[in-house]
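J.: Just passing along the structure, written as structure tokens.
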Amino acid sequence: LDFRGTDTGCLLASGSQDHYIRLWRIALVQGNSESQGFRLKETLFQVESRKYRLTVESILLAHENFVTSVRWMSNGMLLSSSMDKTLIVWHQDSEGMWSESVHVGEVGGNN
């Protein structure tokens with residue numbers, strides 16, 4: 001797990017045994033923020049007197065085995081490592097889409 005602060009809260013990156021990396025957005029709920037129209041599935045939770053909204057922002061898949069570590073880099077990119085003996089640097093484009101910037105290691109198997 002690794003957190004990165006944002007203007008509206010924070011972004012949590014988690015890696016798991018299902019080979020996926022999930023990016024979770026955690027934001028403070030302020031006032032009545034009910035909106036009409038398209039909305040992501042969200043979970044609301046409370047810590048002391050503050051209410052927070054948790055949504056899955058993105059699910060990244062490129063590793064072929066357990067994701068062992070994720071770490072935010074100072075430039076906003078995400079570094080991930082896996083039992084498949086690879087490292088991937090992920091970047092977010094101007095439209096908010098995540099993709100691989102660099103993929104190194106023994107791609108294609110885990111001998």
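Convention: chains lettered A, B, ... in structure tokens order; per-chain residue numbering from 1; ligands numbered from 1 as shown.
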As a PyMOL selection string, please: the residues near range 93-105 of chain A (cut-off 10 Å, only C-alpha atoms, same-chain neighbours under 3 positions excluded).
T.: chain A and resi 57-63+77-82+84-90+108-109
J.: Please give the complete set of residues from chain A that DSSP, run on the backbone, assigns to strand (DSSP E), formatted as a PyMOL selection string.
T.: chain A and resi 2-6+9-15+20-28+42-47+50-61+67-72+78-82+86-92+98-105
J.: Just the number, please: distance in Å from CA of Gln17 in chain A to CA of Phe3 in chain A, one decimal.
T.: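 Interatomic distance here is 19.3 Å.
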J.: Can you work out the spacing between CA of Met83 in chain A and CA of Gly15 in chain A in Å, to one decimal?
T.: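 Pair CA of Met83 in chain A / CA of Gly15 in chain A returns 11.5 Å.
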J.: For the atom pair CA of Phe45 in chain A and CA of Leu12 in chain A, what is the interatomic distance in Å to one decimal place?
T.: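 Separating CA of Phe45 in chain A from CA of Leu12 in chain A is a distance of 15.6 Å.
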J.: Check the smallest atom-to-atom distance from each of A:Ser74, A:Ser69, A:Leu11, A:Asp2 to Thr55 in chain A using only C-alpha atoms, then report the winner.
T.: A:Leu11
J.: Nearest to Cys10 in chain A among A:Arg71, A:His91, A:Lys41, A:Arg53, with distances taken over only C-alpha atoms: which residue is it?
T.: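 So, comparing all the options, the nearest one is A:Arg53.
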J.: Find the residues near Ser14 in chain A: any atom within 7 Å, counting only C-alpha atoms, skip ones fewer than 3 places away on the same chain, and give them as a PDB file with C-alpha atoms, in the first residue's frame.
T.:
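Contents of the output file out_16.pdb:
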```
ATOM      1  CA  LEU A   1       0.000   0.000   0.000  1.00  0.00           C
ATOM      2  CA  ASP A   2       1.082   3.538  -0.636  1.00  0.00           C
ATOM      3  CA  ILE A  21      -3.314  -2.868  -8.810  1.00  0.00           C
ATOM      4  CA  ARG A  22      -6.241  -0.845  -7.546  1.00  0.00           C
ATOM      5  CA  LEU A  23      -6.226   2.919  -7.176  1.00  0.00           C
ATOM      6  CA  VAL A  70       3.489  -0.369  -5.118  1.00  0.00           C
TER       7      VAL A  70
END
```
